[in-house]
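Asker: Dumping the structure here so I can ask a few things about it.
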Amino acid sequence: MAVVLRYVDNNGHTIECFFGIQHVRDTTASSLKAAIEALFSKHGLSISRLRGQGYDGASNMRGEFNGLKALILNSNPSAYYVYCFAHRLQLTLVAVTKKHNEVGDVFNFISSIINIVGASCKRMEVIKEKQYARIIKGLENGEISSGRGLNQETSLRRYNDTHWGSHYVTIIRLLAMFLSVLDVLEIIREDGMNSEQRTEAIVLTDIMESFNFVFMLHCLRRILAVTNEFSQALQRKDQDIENAMSLLKTSKERFKMMRENDLESLLEEVSYFCIKHDIDILNMDDEYKLRGRSRQKSQGITNLHHFRYELFNNIIDM
């Protein structure tokens with residue numbers, strides 16, 4: 001069990017430091033409490049002087065009656081429990097991705113894309129080579145800016161429900177390596193090891209080259225940029241609860257402004273991306289057709305209505 005201490009020094013500065021690793025026989029709350037007491041005793045510290053405790057959301061940690069939080073509060077009522085705000089924010093984002101059908105579908109597609117193109121070192125090497133060639137060409141044509149810290153070697157990154165900001169990073173990298181990923185899918189379509197791989201590559205290529213998928217990538221990139229900035233701020237060592245609540249209010253105001261003002265610029269950004277990558281652009285005034293359904297079963301709404309209200313506004317509201 002890793003233990004981190006936060007304290008105020010003689011100059012009034014908040015200090016946070018890694019304290020140590022304590023061996024535990026099991027992860028029951030009572031065993032964890034005994035391990036913390038042993039570690040404190042070893043260094044001449046007392047739980048009676050503890051004024052706060054914070055963990056993730058596991059039941060053995062924050063359980064109301066038998067969790068580590070409760071056991072420490074029983075012996076020291078002043079050790080107030082604070083649930084990690086950055087972790088709660090991440091859990092909120094994960095809940096939305098699983099509750100909104102199209103958001104959930106996009107992340108499932110992304111996971112499948114990363115799985116198939118990253119299935120071997122050879123494929124990852126092909127992506128790296130193609131991405132490098134595109135960066136060189138973009139620099140020569142003036143399409144990409146050069147400078148310190150720019151155009152560093154990157155790779156696709158798998159998102160993880162418990163890793164702060166990982167969903168945002170995954171989307172950023174997929175957008176940056178979009179054409180290189182399509183190139184590898186094309187190779188798999190032609191030279192896949194079996195028919196299942198070739199069919200999956202065909203399906204994923206079709207999805208990636210759809211306006212809807214591109215829209216969702218850019219929409220989620222904008223939304224997650226706000227939550228990622230908020231998450232980074234929550235993780236600052238000098239953060240306090242008053243400022244955290246102020247940041248929360250600011251983030252909500254940014255979402256409100258985005259909801260009211262950003263759809264047009266988002267559609268322009270998506271259209272530019274589609275033109276650049278030779279993807280068909282939908283006419284926003286045309287009737288929206290559900291994927292795989294006939295026109296007779298259409299909902300009778302326009303593409304603009306679908307993208308504004310059923311996707312953009314709805315996701316921000318959630």
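Lettering and numbering for the structure tokens are positional, with chains as A, B, ... in the shown order, residues counted from 1 in each chain, and ligands counted from 1 in the shown order.
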Could you pull the residues within 8 Å of range 114-124 of chain A, counting only C-alpha atoms, minus those fewer than 3 positions along the same chain, as a ChimeraX atom specification?

Answerer: /A:110-111,127-128,156-158,181,184-185,197,201

Asker: If you count only C-alpha atoms, which residues fall within 12 Å of Ala35 in chain A, apart from same-chain ones fewer than 2 positions away, as a PyMOL selection string?

Answerer: chain A and resi 1-3+20-33+37-42+47+68

Asker: Which residues are close to Thr205 in chain A, i.e. within 10 Å by only C-alpha atoms, leaving aside same-chain residues fewer than 5 positions away? Reply as a VMD selection string.

Answerer: chain A and resid 113 181 to 186 189 199 to 200 210

Asker: Nearest residue to Leu304 in chain A out of A:Met284, A:Leu266, A:Met257, A:Leu220, using only C-alpha atoms?

Answerer: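 Of A:Met284, A:Leu266, A:Met257, A:Leu220, the one nearest Leu304 in chain A, counting only C-alpha atoms, is A:Met284.
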
Asker: What is the CA of Gln235 in chain A-CA of Phe19 in chain A distance in Å, reported with one decimal?

Answerer: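 Result for CA of Gln235 in chain A versus CA of Phe19 in chain A: 17.9 Å, one decimal.
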
Asker: Please extract the residues of range 249-318 of chain A with a backbone DSSP assignment of helix (DSSP H, G or I) and present them as a ChimeraX atom specification.

Answerer: /A:249-261,263-276,295-297,303-317

Asker: Based on the selection just made, write N, CA and C atoms of those residues as a short mmCIF file (atom, residue, chain, number, x, y, z; two decimals), in the first residue's frame.

Answerer:
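Just written: part-v7.cif:
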data_model
loop_
_atom_site.label_atom_id
_atom_site.label_comp_id
_atom_site.auth_asym_id
_atom_site.auth_seq_id
_atom_site.Cartn_x
_atom_site.Cartn_y
_atom_site.Cartn_z
N LYS A 249 -17.42 25.69 -11.14
CA LYS A 249 -18.38 26.67 -11.65
C LYS A 249 -17.92 27.21 -13.00
N THR A 250 -16.63 27.51 -13.12
CA THR A 250 -16.08 28.01 -14.38
C THR A 250 -16.23 26.99 -15.50
N SER A 251 -15.97 25.73 -15.19
CA SER A 251 -16.08 24.67 -16.20
C SER A 251 -17.52 24.55 -16.69
N LYS A 252 -18.48 24.63 -15.78
CA LYS A 252 -19.89 24.54 -16.15
C LYS A 252 -20.30 25.73 -17.02
N GLU A 253 -19.76 26.91 -16.70
CA GLU A 253 -20.05 28.09 -17.52
C GLU A 253 -19.46 27.93 -18.92
N ARG A 254 -18.27 27.33 -19.00
CA ARG A 254 -17.66 27.09 -20.32
C ARG A 254 -18.50 26.13 -21.14
N PHE A 255 -19.07 25.11 -20.49
CA PHE A 255 -19.95 24.18 -21.19
C PHE A 255 -21.21 24.88 -21.68
N LYS A 256 -21.74 25.76 -20.86
CA LYS A 256 -22.94 26.50 -21.25
C LYS A 256 -22.67 27.35 -22.49
N MET A 257 -21.54 28.07 -22.48
CA MET A 257 -21.17 28.89 -23.63
C MET A 257 -20.92 28.02 -24.87
N MET A 258 -20.28 26.88 -24.67
CA MET A 258 -20.03 25.96 -25.77
C MET A 258 -21.34 25.47 -26.38
N ARG A 259 -22.29 25.13 -25.52
CA ARG A 259 -23.59 24.62 -25.98
C ARG A 259 -24.33 25.66 -26.81
N GLU A 260 -24.21 26.93 -26.41
CA GLU A 260 -24.95 27.99 -27.08
C GLU A 260 -24.28 28.51 -28.34
N ASN A 261 -22.93 28.41 -28.40
CA ASN A 261 -22.22 29.13 -29.45
C ASN A 261 -21.32 28.30 -30.37
N LEU A 263 -21.56 25.12 -31.97
CA LEU A 263 -21.90 24.08 -32.95
C LEU A 263 -21.47 24.46 -34.35
N GLU A 264 -21.70 25.72 -34.74
CA GLU A 264 -21.36 26.13 -36.10
C GLU A 264 -19.85 25.98 -36.36
N SER A 265 -19.03 26.43 -35.43
CA SER A 265 -17.58 26.32 -35.61
C SER A 265 -17.16 24.85 -35.58
N LEU A 266 -17.85 24.03 -34.80
CA LEU A 266 -17.54 22.60 -34.75
C LEU A 266 -17.84 21.96 -36.10
N LEU A 267 -18.99 22.29 -36.69
CA LEU A 267 -19.35 21.73 -38.00
C LEU A 267 -18.36 22.18 -39.07
N GLU A 268 -17.90 23.42 -38.98
CA GLU A 268 -16.89 23.90 -39.94
C GLU A 268 -15.59 23.12 -39.78
N GLU A 269 -15.19 22.88 -38.54
CA GLU A 269 -13.97 22.13 -38.27
C GLU A 269 -14.09 20.69 -38.80
N VAL A 270 -15.25 20.07 -38.58
CA VAL A 270 -15.47 18.71 -39.05
C VAL A 270 -15.47 18.67 -40.58
N SER A 271 -16.12 19.64 -41.21
CA SER A 271 -16.17 19.68 -42.67
C SER A 271 -14.78 19.86 -43.26
N TYR A 272 -13.96 20.72 -42.66
CA TYR A 272 -12.58 20.92 -43.13
C TYR A 272 -11.79 19.62 -43.02
N PHE A 273 -11.96 18.93 -41.90
CA PHE A 273 -11.26 17.66 -41.69
C PHE A 273 -11.70 16.64 -42.74
N CYS A 274 -13.01 16.60 -43.02
CA CYS A 274 -13.53 15.65 -44.01
C CYS A 274 -12.99 15.94 -45.40
N ILE A 275 -12.94 17.22 -45.78
CA ILE A 275 -12.39 17.59 -47.09
C ILE A 275 -10.93 17.18 -47.18
N LYS A 276 -10.17 17.44 -46.12
CA LYS A 276 -8.75 17.12 -46.09
C LYS A 276 -8.50 15.62 -46.19
N ARG A 295 -35.32 4.41 -45.36
CA ARG A 295 -35.90 5.75 -45.28
C ARG A 295 -37.30 5.72 -44.69
N GLN A 296 -38.05 4.61 -44.92
CA GLN A 296 -39.40 4.51 -44.39
C GLN A 296 -39.41 4.52 -42.86
N LYS A 297 -38.28 4.06 -42.25
CA LYS A 297 -38.21 4.02 -40.80
C LYS A 297 -37.49 5.23 -40.23
N ASN A 303 -30.48 16.32 -40.53
CA ASN A 303 -29.15 16.04 -39.98
C ASN A 303 -28.76 17.09 -38.95
N LEU A 304 -29.09 18.36 -39.22
CA LEU A 304 -28.74 19.43 -38.30
C LEU A 304 -29.39 19.21 -36.94
N HIS A 305 -30.67 18.81 -36.95
CA HIS A 305 -31.38 18.55 -35.69
C HIS A 305 -30.68 17.42 -34.93
N HIS A 306 -30.33 16.37 -35.64
CA HIS A 306 -29.68 15.22 -34.99
C HIS A 306 -28.36 15.62 -34.35
N PHE A 307 -27.50 16.29 -35.11
CA PHE A 307 -26.18 16.63 -34.60
C PHE A 307 -26.24 17.70 -33.50
N ARG A 308 -27.19 18.61 -33.59
CA ARG A 308 -27.28 19.67 -32.58
C ARG A 308 -27.92 19.15 -31.29
N TYR A 309 -29.11 18.55 -31.40
CA TYR A 309 -29.88 18.24 -30.20
C TYR A 309 -29.63 16.84 -29.66
N GLU A 310 -29.55 15.84 -30.54
CA GLU A 310 -29.40 14.47 -30.06
C GLU A 310 -27.95 14.13 -29.71
N LEU A 311 -27.01 14.89 -30.29
CA LEU A 311 -25.59 14.61 -29.98
C LEU A 311 -25.00 15.76 -29.17
N PHE A 312 -24.70 16.88 -29.84
CA PHE A 312 -23.93 17.97 -29.21
C PHE A 312 -24.55 18.45 -27.90
N ASN A 313 -25.78 18.93 -27.96
CA ASN A 313 -26.44 19.46 -26.75
C ASN A 313 -26.64 18.37 -25.69
N ASN A 314 -27.06 17.20 -26.15
CA ASN A 314 -27.37 16.12 -25.21
C ASN A 314 -26.14 15.66 -24.44
N ILE A 315 -25.02 15.53 -25.14
CA ILE A 315 -23.78 15.08 -24.48
C ILE A 315 -23.31 16.13 -23.47
N ILE A 316 -23.36 17.40 -23.85
CA ILE A 316 -22.95 18.47 -22.94
C ILE A 316 -23.86 18.49 -21.71
N ASP A 317 -25.16 18.34 -21.93
CA ASP A 317 -26.10 18.33 -20.79
C ASP A 317 -25.78 17.18 -19.83
#

Asker: Find, counting only C-alpha atoms, the residue in A:Ile187, A:Cys17, A:Val169, A:Ala34 that gets nearest to Leu71 in chain A.

Answerer: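 Ranking A:Ile187, A:Cys17, A:Val169, A:Ala34 by distance to Leu71 in chain A, first place goes to A:Ala34.
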
Asker: Any idea what the distance is between CA of Trp164 in chain A and CA of His87 in chain A?

Answerer: 7.0 Å

Asker: Among the residues of range 40-145 of chain A, find those DSSP assigns to strand (DSSP E or B) from the backbone and print them as a list of chain:residue names.

Answerer: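 Of range 40-145 of chain A, the ones in strand (DSSP E or B) are A:Gly52, A:Gln53, A:Tyr80, A:Tyr81.
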
Asker: Near Arg221 in chain A, counting only C-alpha atoms, which residues have an atom at most 8 Å away, once you skip same-chain residues fewer than 3 positions from it, shown as a PyMOL selection string?

Answerer: chain A and resi 168+171-172+217-218+224-225
